[in-house]
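J.: The file below is run-v9.txt, compact mmCIF, C-alpha atoms:
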```
# COMPACT_ATOMS: atom_id res chain seq x y z
CA MET X 1 42.25 -24.29 -7.44
CA VAL X 2 39.30 -25.22 -9.61
CA THR X 3 38.47 -28.14 -7.35
CA MET X 4 38.70 -25.86 -4.32
CA ILE X 5 36.18 -23.45 -5.79
CA ASN X 6 33.89 -26.32 -6.69
CA GLN X 7 34.20 -27.66 -3.17
CA THR X 8 33.30 -24.29 -1.69
CA GLU X 9 30.35 -24.00 -4.02
CA THR X 10 29.14 -27.42 -2.94
CA VAL X 11 29.44 -26.38 0.70
CA VAL X 12 27.60 -23.11 0.03
CA ARG X 13 24.86 -24.93 -1.86
CA GLU X 14 24.50 -27.34 1.04
CA ILE X 15 24.07 -24.40 3.42
CA LEU X 16 21.51 -22.82 1.08
CA SER X 17 19.60 -26.09 0.91
CA THR X 18 18.70 -25.54 4.58
CA VAL X 19 16.86 -22.30 3.71
CA THR X 20 13.18 -22.91 3.08
CA ASP X 21 10.24 -20.92 1.75
CA PRO X 22 8.44 -19.63 4.88
CA GLU X 23 5.06 -20.03 3.19
CA ILE X 24 5.68 -23.58 1.93
CA PRO X 25 8.21 -24.82 4.49
CA VAL X 26 8.74 -28.21 2.82
CA LEU X 27 10.36 -26.48 -0.15
CA THR X 28 13.91 -25.20 -0.10
CA ILE X 29 14.84 -22.13 -2.13
CA GLU X 30 16.75 -24.49 -4.41
CA ASP X 31 13.56 -26.52 -5.04
CA MET X 32 11.74 -23.26 -5.87
CA GLY X 33 14.35 -22.31 -8.45
CA ILE X 34 14.83 -18.82 -7.10
CA ILE X 35 18.63 -18.98 -6.77
CA ARG X 36 19.99 -17.59 -10.04
CA GLU X 37 23.70 -17.38 -9.35
CA ILE X 38 26.29 -17.83 -6.64
CA ASN X 39 29.58 -15.91 -6.78
CA ILE X 40 32.27 -16.90 -4.34
CA HIS X 41 35.45 -14.92 -3.61
CA GLY X 42 37.24 -16.37 -0.60
CA LYS X 43 34.87 -15.95 2.31
CA SER X 44 32.58 -13.48 0.57
CA VAL X 45 29.56 -15.06 -1.08
CA LYS X 46 27.18 -13.23 -3.35
CA VAL X 47 23.82 -14.95 -3.85
CA ILE X 48 21.61 -13.68 -6.64
CA ILE X 49 17.94 -14.52 -6.24
CA THR X 50 14.77 -13.67 -8.14
CA PRO X 51 11.29 -13.14 -6.64
CA THR X 52 8.42 -15.50 -7.48
CA TYR X 53 5.79 -12.73 -7.37
CA SER X 54 6.56 -8.98 -7.25
CA GLY X 55 4.70 -8.58 -3.96
CA CYS X 56 5.70 -11.86 -2.35
CA PRO X 57 6.27 -11.01 1.32
CA ALA X 58 8.37 -14.16 1.77
CA MET X 59 11.23 -12.71 -0.30
CA ASP X 60 12.52 -10.41 2.46
CA HIS X 61 12.45 -13.32 4.92
CA ILE X 62 14.28 -15.54 2.47
CA ALA X 63 17.02 -12.94 1.91
CA THR X 64 17.49 -12.61 5.69
CA ASP X 65 17.51 -16.40 6.15
CA ILE X 66 20.17 -16.81 3.45
CA LYS X 67 22.38 -14.21 5.12
CA THR X 68 21.93 -15.74 8.56
CA ALA X 69 22.70 -19.27 7.34
CA LEU X 70 25.87 -18.16 5.53
CA LYS X 71 27.04 -15.93 8.39
CA ASN X 72 26.62 -18.78 10.87
CA ALA X 73 28.90 -20.87 8.65
CA GLY X 74 31.56 -18.15 8.68
CA TYR X 75 30.91 -16.53 5.31
CA GLU X 76 30.33 -12.87 4.46
CA PRO X 77 27.09 -12.96 2.52
CA GLU X 78 25.50 -10.50 0.15
CA VAL X 79 22.05 -11.13 -1.35
CA ILE X 80 20.97 -9.40 -4.53
CA SER X 81 17.52 -9.67 -6.08
CA ILE X 82 17.14 -9.42 -9.85
CA LEU X 83 13.91 -9.36 -11.91
CA SER X 84 15.13 -10.50 -15.31
CA PRO X 85 14.50 -13.10 -16.58
CA PRO X 86 11.22 -13.24 -14.65
CA TRP X 87 10.75 -16.32 -12.44
CA SER X 88 8.68 -19.10 -13.94
CA SER X 89 6.87 -21.93 -12.18
CA LEU X 90 8.70 -24.21 -14.66
CA TRP X 91 11.82 -23.61 -12.57
CA ILE X 92 10.42 -25.58 -9.63
CA SER X 93 12.46 -28.80 -9.50
CA GLU X 94 10.95 -32.24 -9.97
CA ASN X 95 11.78 -33.00 -6.36
CA GLY X 96 10.12 -29.73 -5.35
CA ARG X 97 6.95 -30.64 -7.22
CA LYS X 98 6.80 -34.01 -5.44
CA LYS X 99 7.29 -32.41 -2.02
CA MET X 100 4.66 -29.80 -2.85
CA GLU X 101 2.09 -32.47 -3.78
CA ALA X 102 2.85 -34.46 -0.62
CA TYR X 103 2.34 -31.25 1.38
CA GLY X 104 -1.17 -30.88 -0.11
CA ILE X 105 -0.59 -28.32 -2.86
CA ALA X 106 -1.24 -29.34 -6.46
CA ALA X 107 1.89 -28.58 -8.52
CA PRO X 108 1.62 -26.15 -11.45
CA LEU X 109 0.59 -27.44 -14.85
CA ASP X 110 2.24 -26.11 -18.00
CA ALA X 111 0.95 -22.80 -19.38
CA THR X 112 -1.59 -24.28 -21.82
CA ALA X 113 -3.04 -26.74 -19.32
CA ASP X 114 -3.06 -24.02 -16.63
CA LYS X 115 -5.19 -21.82 -18.88
CA LYS X 116 -7.57 -24.71 -19.53
CA ALA X 117 -7.90 -25.33 -15.78
CA LEU X 118 -8.20 -21.73 -14.59
CA ILE X 119 -10.00 -20.13 -17.54
CA GLY X 120 -11.56 -22.95 -19.54
CA GLY X 121 -12.99 -24.75 -16.50
CA GLN X 122 -11.48 -28.11 -17.58
CA LYS X 123 -11.17 -30.76 -14.92
CA ILE X 124 -7.45 -31.53 -15.02
CA VAL X 125 -6.11 -30.44 -11.64
CA LYS X 126 -5.67 -33.53 -9.48
CA CYS X 127 -7.01 -33.61 -5.91
CA THR X 128 -4.04 -33.85 -3.56
CA ARG X 129 -5.99 -36.12 -1.23
CA CYS X 130 -7.69 -38.71 -3.49
CA SER X 131 -6.03 -37.98 -6.88
CA SER X 132 -9.40 -37.53 -8.63
CA THR X 133 -9.43 -35.00 -11.45
CA ASN X 134 -13.13 -34.36 -10.81
CA THR X 135 -12.25 -31.02 -9.20
CA ARG X 136 -13.49 -27.47 -9.54
CA LEU X 137 -11.96 -24.02 -9.29
CA ILE X 138 -13.26 -22.10 -6.26
CA SER X 139 -11.13 -18.99 -6.70
CA GLN X 140 -8.28 -17.96 -8.96
CA PHE X 141 -6.69 -16.24 -5.99
CA GLY X 142 -5.89 -18.27 -2.90
CA SER X 143 -4.12 -18.14 0.45
CA THR X 144 -0.95 -16.61 -1.05
CA ALA X 145 -0.16 -14.74 -4.27
CA CYS X 146 1.08 -17.90 -5.96
CA LYS X 147 -1.93 -20.14 -5.39
CA ALA X 148 -5.51 -20.70 -6.59
CA LEU X 149 -8.16 -22.51 -4.55
CA PHE X 150 -9.74 -25.75 -5.77
CA GLN X 151 -12.15 -28.28 -4.33
CA CYS X 152 -12.52 -31.97 -5.10
CA ASN X 153 -16.05 -32.95 -6.20
CA ASP X 154 -15.47 -36.57 -5.12
CA CYS X 155 -13.92 -36.36 -1.66
CA LEU X 156 -14.88 -32.68 -1.10
CA GLU X 157 -11.33 -31.79 0.01
CA PRO X 158 -10.51 -28.11 -0.58
CA PHE X 159 -6.89 -27.68 -1.71
CA ASP X 160 -4.44 -25.17 -3.13
CA TYR X 161 -3.13 -25.25 -6.68
CA PHE X 162 0.20 -23.54 -7.40
CA LYS X 163 -0.47 -21.27 -10.39
CA CYS X 164 1.63 -21.33 -13.53
CA ILE X 165 3.42 -18.04 -14.13
CA MET E 1 17.14 13.20 -18.58
CA LYS E 2 17.63 11.75 -15.09
CA GLU E 3 14.87 13.99 -13.73
CA GLN E 4 12.53 13.04 -16.59
CA LEU E 5 13.15 9.33 -16.06
CA HIS E 6 12.48 9.80 -12.34
CA GLN E 7 9.21 11.58 -13.12
CA TYR E 8 8.22 8.89 -15.60
CA LEU E 9 8.81 6.19 -12.98
CA LEU E 10 6.53 8.08 -10.59
CA LEU E 11 3.87 8.16 -13.31
CA LEU E 12 4.19 4.39 -13.62
CA ALA E 13 4.26 3.77 -9.87
CA ASP E 14 1.48 6.02 -8.63
CA ASN E 15 -1.43 4.29 -10.39
CA PRO E 16 -0.77 0.87 -8.86
CA LEU E 17 0.10 2.55 -5.53
CA ILE E 18 -3.17 4.44 -5.17
CA LEU E 19 -5.35 1.73 -6.70
CA GLY E 20 -3.56 -0.86 -4.55
CA HIS E 21 -4.45 1.22 -1.49
CA ARG E 22 -8.10 1.39 -2.56
CA LEU E 23 -8.18 -2.39 -2.95
CA SER E 24 -6.49 -2.88 0.41
CA GLU E 25 -9.42 -1.04 2.02
CA LEU E 26 -11.55 -4.02 1.01
CA CYS E 27 -9.52 -6.42 3.17
CA GLY E 28 -12.15 -8.05 5.38
CA HIS E 29 -14.93 -6.18 3.56
CA GLY E 30 -15.21 -8.06 0.25
CA PRO E 31 -18.64 -9.36 -0.79
CA ASN E 32 -17.53 -12.93 0.00
CA LEU E 33 -14.36 -14.63 1.16
CA GLU E 34 -13.05 -15.56 -2.30
CA THR E 35 -13.52 -12.08 -3.78
CA ASP E 36 -12.08 -10.50 -0.66
CA ILE E 37 -8.95 -12.62 -0.99
CA ALA E 38 -8.76 -12.02 -4.75
CA LEU E 39 -8.95 -8.23 -4.40
CA THR E 40 -6.33 -8.13 -1.66
CA ASN E 41 -4.08 -10.46 -3.65
CA ILE E 42 -4.34 -8.06 -6.58
CA SER E 43 -3.53 -5.24 -4.19
CA LEU E 44 -0.43 -7.13 -3.00
CA ASP E 45 0.77 -7.73 -6.56
CA LEU E 46 0.33 -4.03 -7.33
CA PHE E 47 2.29 -2.99 -4.22
CA GLY E 48 5.10 -5.34 -5.22
CA GLN E 49 5.25 -3.73 -8.65
CA VAL E 50 5.17 -0.25 -7.06
CA ARG E 51 8.16 -1.17 -4.89
CA ASN E 52 10.13 -2.16 -7.98
CA TYR E 53 9.38 1.15 -9.71
CA LEU E 54 10.01 3.27 -6.63
CA GLN E 55 13.27 1.54 -5.71
CA TYR E 56 14.44 2.30 -9.22
CA ALA E 57 13.07 5.87 -9.06
CA ALA E 58 14.98 6.48 -5.82
CA GLU E 59 18.16 5.07 -7.38
CA VAL E 60 17.78 7.26 -10.49
CA GLN E 61 17.13 10.32 -8.36
CA SER E 62 20.29 9.57 -6.30
CA GLU E 63 19.48 12.01 -3.52
CA GLY E 64 19.69 9.37 -0.81
CA LYS E 65 15.93 8.88 -0.72
CA THR E 66 14.29 5.48 -0.38
CA GLU E 67 11.21 3.87 -1.87
CA ASP E 68 9.38 4.70 1.39
CA ASP E 69 10.19 8.42 1.10
CA LEU E 70 8.67 8.41 -2.36
CA ALA E 71 5.62 6.39 -1.38
CA PHE E 72 4.83 8.13 1.89
CA LEU E 73 6.31 11.60 2.00
CA ARG E 74 5.19 13.42 -1.11
CA TYR E 75 2.42 16.01 -1.06
CA GLU E 76 -0.89 15.53 -2.82
CA HIS E 77 0.03 17.56 -5.93
CA GLU E 78 3.20 15.49 -6.34
CA TYR E 79 1.30 12.23 -6.92
CA ARG E 80 0.93 11.42 -10.59
CA ASN E 81 -1.85 8.81 -10.55
CA VAL E 82 -4.90 9.21 -12.76
CA VAL E 83 -8.13 10.33 -11.09
CA LEU E 84 -9.62 6.89 -11.90
CA ALA E 85 -7.30 5.15 -9.42
CA GLU E 86 -8.43 7.19 -6.43
CA GLN E 87 -12.19 6.78 -6.90
CA PRO E 88 -13.91 5.20 -3.88
CA ASN E 89 -15.22 1.62 -3.47
CA ARG E 90 -18.90 2.58 -3.59
CA ASP E 91 -20.19 -0.90 -4.40
CA PHE E 92 -18.85 -4.08 -5.95
CA ALA E 93 -19.84 -3.06 -9.49
CA TRP E 94 -17.79 0.12 -9.02
CA VAL E 95 -14.81 -1.83 -7.75
CA ILE E 96 -15.01 -4.16 -10.75
CA ALA E 97 -15.54 -1.43 -13.38
CA ARG E 98 -12.61 0.63 -12.05
CA GLN E 99 -10.43 -2.49 -11.98
CA PHE E 100 -11.58 -3.62 -15.43
CA PHE E 101 -10.61 -0.34 -17.10
CA PHE E 102 -7.32 -0.17 -15.24
CA ASP E 103 -6.38 -3.80 -15.96
CA ALA E 104 -7.07 -3.46 -19.69
CA TYR E 105 -4.87 -0.36 -19.77
CA HIS E 106 -2.22 -1.93 -17.52
CA LEU E 107 -1.94 -5.08 -19.62
CA SER E 108 -1.46 -3.21 -22.90
CA LEU E 109 0.91 -0.73 -21.22
CA LEU E 110 3.12 -3.54 -19.87
CA GLU E 111 3.14 -5.33 -23.23
CA GLN E 112 4.88 -2.26 -24.61
CA LEU E 113 7.12 -1.52 -21.65
CA GLY E 114 8.45 -5.08 -21.89
CA ASN E 115 10.36 -3.84 -24.96
CA SER E 116 11.62 -0.63 -23.34
CA ASN E 117 15.17 0.52 -24.08
CA ASP E 118 15.56 0.90 -20.35
CA THR E 119 16.46 -2.60 -19.17
CA GLN E 120 15.15 -2.14 -15.63
CA ILE E 121 11.75 -0.87 -16.82
CA ALA E 122 11.60 -3.80 -19.27
CA ALA E 123 12.48 -6.24 -16.45
CA ILE E 124 9.78 -4.82 -14.14
CA ALA E 125 7.20 -4.92 -16.96
CA ASN E 126 8.03 -8.49 -17.99
CA LYS E 127 7.74 -9.56 -14.36
CA SER E 128 4.50 -7.65 -13.71
CA ILE E 129 2.67 -8.74 -16.83
CA LYS E 130 2.50 -12.35 -15.64
CA GLU E 131 0.57 -11.13 -12.59
CA VAL E 132 -1.57 -8.58 -14.43
CA LYS E 133 -2.90 -11.22 -16.84
CA TYR E 134 -4.61 -12.86 -13.87
CA HIS E 135 -6.01 -9.49 -12.70
CA HIS E 136 -7.38 -8.75 -16.15
CA HIS E 137 -9.02 -12.13 -16.35
CA PHE E 138 -10.58 -11.71 -12.91
CA SER E 139 -12.11 -8.28 -13.60
CA SER E 140 -13.28 -9.26 -17.12
CA GLU E 141 -15.02 -12.37 -15.79
CA TRP E 142 -16.86 -10.33 -13.17
CA VAL E 143 -17.97 -7.73 -15.74
CA LYS E 144 -19.44 -10.62 -17.76
CA ARG E 145 -21.02 -12.34 -14.78
CA LEU E 146 -22.66 -9.18 -13.46
CA GLY E 147 -23.55 -7.75 -16.87
CA ASP E 148 -25.08 -11.01 -18.05
CA GLY E 149 -26.60 -11.81 -14.65
CA THR E 150 -29.85 -10.67 -13.05
CA VAL E 151 -31.78 -7.52 -13.99
CA GLU E 152 -30.33 -5.80 -10.94
CA SER E 153 -26.71 -6.88 -11.43
CA HIS E 154 -26.95 -5.92 -15.11
CA GLN E 155 -28.20 -2.44 -14.23
CA LYS E 156 -25.53 -1.92 -11.55
CA MET E 157 -22.75 -3.06 -13.89
CA GLN E 158 -24.00 -0.82 -16.71
CA ASP E 159 -24.22 2.15 -14.33
CA ALA E 160 -20.66 1.51 -13.13
CA ILE E 161 -19.33 1.20 -16.70
CA ASN E 162 -21.08 4.47 -17.60
CA HIS E 163 -19.71 6.13 -14.49
CA PHE E 164 -16.07 5.11 -15.03
CA TRP E 165 -16.00 5.49 -18.82
CA PRO E 166 -15.08 9.20 -18.67
CA TYR E 167 -12.32 8.39 -16.16
CA ALA E 168 -10.55 6.03 -18.57
CA GLY E 169 -9.67 8.79 -21.04
CA GLU E 170 -6.95 10.26 -18.84
CA LEU E 171 -4.94 7.04 -19.06
CA PHE E 172 -4.17 7.87 -22.70
CA GLU E 173 -3.58 11.58 -22.33
CA GLU E 174 0.08 12.11 -23.15
CA THR E 175 2.03 14.40 -20.82
CA ASN E 176 5.33 16.01 -21.88
CA ILE E 177 7.28 13.45 -19.87
CA GLU E 178 5.47 10.56 -21.54
CA LYS E 179 6.06 12.07 -24.97
CA GLU E 180 9.76 12.46 -24.27
CA MET E 181 10.11 8.92 -22.90
CA LYS E 182 8.21 7.50 -25.87
CA GLU E 183 10.57 9.29 -28.27
CA LEU E 184 13.59 7.85 -26.44
CA GLY E 185 12.16 4.34 -26.75
CA ILE E 186 11.91 4.12 -22.96
CA GLY E 187 8.22 4.79 -22.49
CA ALA E 188 5.05 3.43 -24.06
CA ASP E 189 3.17 4.90 -26.99
CA LEU E 190 -0.19 5.68 -25.41
CA LYS E 191 -1.96 5.71 -28.76
CA LEU E 192 -1.09 2.04 -29.25
CA VAL E 193 -2.00 1.31 -25.64
CA GLN E 194 -5.39 2.90 -26.28
CA THR E 195 -6.00 0.82 -29.41
CA ASN E 196 -5.37 -2.42 -27.50
CA PHE E 197 -7.37 -1.13 -24.55
CA LYS E 198 -10.38 -0.54 -26.78
CA ALA E 199 -10.12 -4.00 -28.29
CA PHE E 200 -9.93 -5.62 -24.82
CA THR E 201 -12.76 -3.62 -23.26
CA ASN E 202 -15.25 -3.44 -26.14
CA ASP E 203 -15.08 -7.18 -26.59
CA VAL E 204 -15.80 -7.91 -22.91
CA ILE E 205 -18.53 -5.24 -22.64
CA LEU E 206 -20.37 -6.77 -25.59
CA GLN E 207 -19.92 -10.32 -24.29
CA ALA E 208 -21.35 -9.10 -20.99
CA ASN E 209 -24.50 -8.01 -22.79
CA LEU E 210 -23.74 -4.41 -21.83
CA LYS E 211 -23.76 -1.26 -23.93
CA ILE E 212 -20.65 0.71 -24.82
CA PRO E 213 -21.35 4.19 -23.42
CA GLU E 214 -21.67 7.05 -25.87
CA ILE E 215 -19.66 9.49 -23.82
CA ASN E 216 -16.91 11.42 -25.56
CA TRP E 217 -15.50 13.63 -22.84
CA ALA E 218 -12.97 12.65 -20.18
CA HIS E 219 -11.88 13.64 -16.70
CA SER E 220 -8.31 14.84 -16.47
CA GLY E 221 -5.80 16.32 -14.06
CA GLY E 222 -4.32 13.50 -11.98
CA LYS E 223 -1.18 13.07 -14.07
CA LYS E 224 -0.45 16.77 -13.58
CA GLY E 225 -1.08 16.56 -9.85
CA VAL E 226 -4.60 17.99 -9.92
CA HIS E 227 -6.64 15.40 -8.06
CA SER E 228 -10.20 14.74 -7.00
CA GLU E 229 -11.18 15.32 -3.37
CA HIS E 230 -10.62 11.61 -2.65
CA LEU E 231 -6.81 11.57 -2.83
CA GLY E 232 -6.36 13.73 0.28
CA PHE E 233 -8.29 11.22 2.37
CA ILE E 234 -6.28 8.32 0.96
CA LEU E 235 -2.99 10.06 1.77
CA ALA E 236 -4.16 10.90 5.30
CA GLU E 237 -4.35 7.17 5.94
CA LEU E 238 -1.48 6.04 3.72
CA GLN E 239 0.99 8.52 5.17
CA TYR E 240 -0.16 8.49 8.77
CA MET E 241 2.59 6.28 10.21
CA GLN E 242 5.46 8.09 8.45
CA ARG E 243 4.08 11.49 9.43
CA ALA E 244 3.40 10.50 13.05
CA TYR E 245 6.66 8.55 13.49
CA PRO E 246 9.17 9.92 10.99
CA ASN E 247 11.58 7.29 9.61
CA MET E 248 9.79 4.44 11.30
CA ALA E 249 10.49 1.05 9.75
CA TRP E 250 8.80 -2.32 10.14
```
Represent the structure from my file as structure tokens, please.
T.:
Amino acid sequence: MVTMINQTETVVREILSTVTDPEIPVLTIEDMGIIREINIHGKSVKVIITPTYSGCPAMDHIATDIKTALKNAGYEPEVISILSPPWSSLWISENGRKKMEAYGIAAPLDATADKKALIGGQKIVKCTRCSSTNTRLISQFGSTACKALFQCNDCLEPFDYFKCI
Amino acid sequence: MKEQLHQYLLLLADNPLILGHRLSELCGHGPNLETDIALTNISLDLFGQVRNYLQYAAEVQSEGKTEDDLAFLRYEHEYRNVVLAEQPNRDFAWVIARQFFFDAYHLSLLEQLGNSNDTQIAAIANKSIKEVKYHHHFSSEWVKRLGDGTVESHQKMQDAINHFWPYAGELFEETNIEKEMKELGIGADLKLVQTNFKAFTNDVILQANLKIPEINWAHSGGKKGVHSEHLGFILAELQYMQRAYPNMAW
């Protein structure tokens, strides 16, 4: 019985690994660390997720995509969003950080370094194109709620930095 | 108790709702691209927080209403936002001064609500505070840049600080609902919020080479539903779709 449940959970996790963040399509919701819990009872699957930012418009899409993916595989899905504990950028997986960098978004630093980069003006955020740390903050708010805008002083590439929250 | 909690949630939701709407008016009209995007990002964060409060308020009320009913279908006197939140975007110094006072209040309010006895309010506050720290930093930096900038930017920032100073007082005026919620350990103690607010704002105002206004009277009314002339115009736009097409959904 235990093995059966584990098998189902593996299958469900595989299905969920096909659901991606619509704003950063290279990242799956698993990479983002927004899946908090999965409860399986027979065919009914309850997925508990947590939003990255309160106003993130991608969350509604993600909930719909989870339901569609599970329904297509013959499950009866339910998606619940919880706020506590609040999502942290530390929950992004190592694999997720690598994919993010390859996609052209600098991965979040830890809280102290993030403060130094965004508030103290220290040059520690690496350019995603040439890897130089000779970069500057253009704006603390970028193309989506979760990103700040940087520019490289060496190769002049403008790029996004995923903020630490 | 249920009714009081519902009313308290409206008090918490209406400030970010109305201020968020004001900021959204700047979409495509910011002084430059980066500030435009920053102000609309702040607006988006505030709307997200409003949704959390209003979903909970609708659940507590348990009359079958939704967050949209509460956001879009109340009358003017039923909105509980402070008069500060509805003031217009006259110029960039005004936008920044209004935001600066609100953010300093918001940050110290959320610090307290994070320890609320009500687990959902605590969860919303602990989520929101991560976002509001960025807002507070943004508005503080602009107060400093403008205040410590050119003769003209200094004058405009000082005028805006003087103008909004009397609007900040209402944030700390305790209504009966807030008193009751404070005593139950659900709501914030506005006296403590005010102490932290003063520490935050005085420090930045002095760093910005600006003067702390010597004004000791305050506007009032919004929390009791008595608003300035501006709220009606905001609601005309905010509520238009729900009034014209009842129950419409995106």
J.: Provide as number ranges by chain the residues of chain X at most 7 Å from chain E, counting only C-alpha atoms.
T.: X: 54-55, 83-84, 86, 139, 141-142, 145, 165
J.: Give me, as a tab-separated table (two decimals) with C-alpha atoms, keeping the file's coordinate frame, all polymer residues having an atom no more than 8 Å from Ala58 in chain X, counting all atoms listed in the file and skipping those fewer than 5 positions away in the same chain.
T.:
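Okay, part_19.tsv is ready:
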```tsv
chain	number	residue	atom	x	y	z
X	21	ASP	CA	10.24	-20.92	1.75
X	22	PRO	CA	8.44	-19.63	4.88
X	23	GLU	CA	5.06	-20.03	3.19
```
J.: Mind checking which residues fall within 8 Å of Met181 in chain E, counting all atoms listed in the file, ignoring those fewer than 4 positions away in the same chain, and posting them as a ChimeraX atom specification?
T.: /E:4-5,8,177,185-188
J.: I'd like the neighbourhood of Thr133 in chain X as a VMD selection string, where a residue qualifies if any of its atoms comes within 7 Å (using only C-alpha atoms), though same-chain residues fewer than 5 positions away should be ignored.
T.: chain X and resid 123 to 127
J.: My list of candidates is E:Ala199, E:Val193, E:Ile215, E:Ala236. Which is closest to Trp165 in chain E when distances are computed with all atoms listed in the file?
T.: E:Ile215
J.: Can you pull out the residues contacting Thr52 in chain X? Cut-off 9 Å, using all atoms listed in the file, and skip same-chain residues under 5 positions away; I want them as a list in words.
T.: Met32, Ile34, Met59, Pro86, Trp87, Ser88, Ser89, Cys146 and Ile165 of chain X
J.: I want to know what sits within 12 Å of Glu14 in chain X, based on only C-alpha atoms, with residues of the same chain fewer than 5 positions away left out; could you give that as a ChimeraX atom specification?
T.: /X:7-9,19,28-30,66,69-70,73
J.: Could those residues be written to a file, using C-alpha atoms, as a PDB file, in the coordinates of the input?
T.:
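Output below, filename part.pdb:
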```
ATOM      1  CA  GLN X   7      34.200 -27.660  -3.170  1.00  0.00           C
ATOM      2  CA  THR X   8      33.300 -24.290  -1.690  1.00  0.00           C
ATOM      3  CA  GLU X   9      30.350 -24.000  -4.020  1.00  0.00           C
ATOM      4  CA  VAL X  19      16.860 -22.300   3.710  1.00  0.00           C
ATOM      5  CA  THR X  28      13.910 -25.200  -0.100  1.00  0.00           C
ATOM      6  CA  ILE X  29      14.840 -22.130  -2.130  1.00  0.00           C
ATOM      7  CA  GLU X  30      16.750 -24.490  -4.410  1.00  0.00           C
ATOM      8  CA  ILE X  66      20.170 -16.810   3.450  1.00  0.00           C
ATOM      9  CA  ALA X  69      22.700 -19.270   7.340  1.00  0.00           C
ATOM     10  CA  LEU X  70      25.870 -18.160   5.530  1.00  0.00           C
ATOM     11  CA  ALA X  73      28.900 -20.870   8.650  1.00  0.00           C
TER      12      ALA X  73
END
```
J.: Closest to Lys43 in chain X among X:Ile119, X:Val11, X:Ala102, X:Ile92, using all atoms listed in the file?
T.: X:Val11
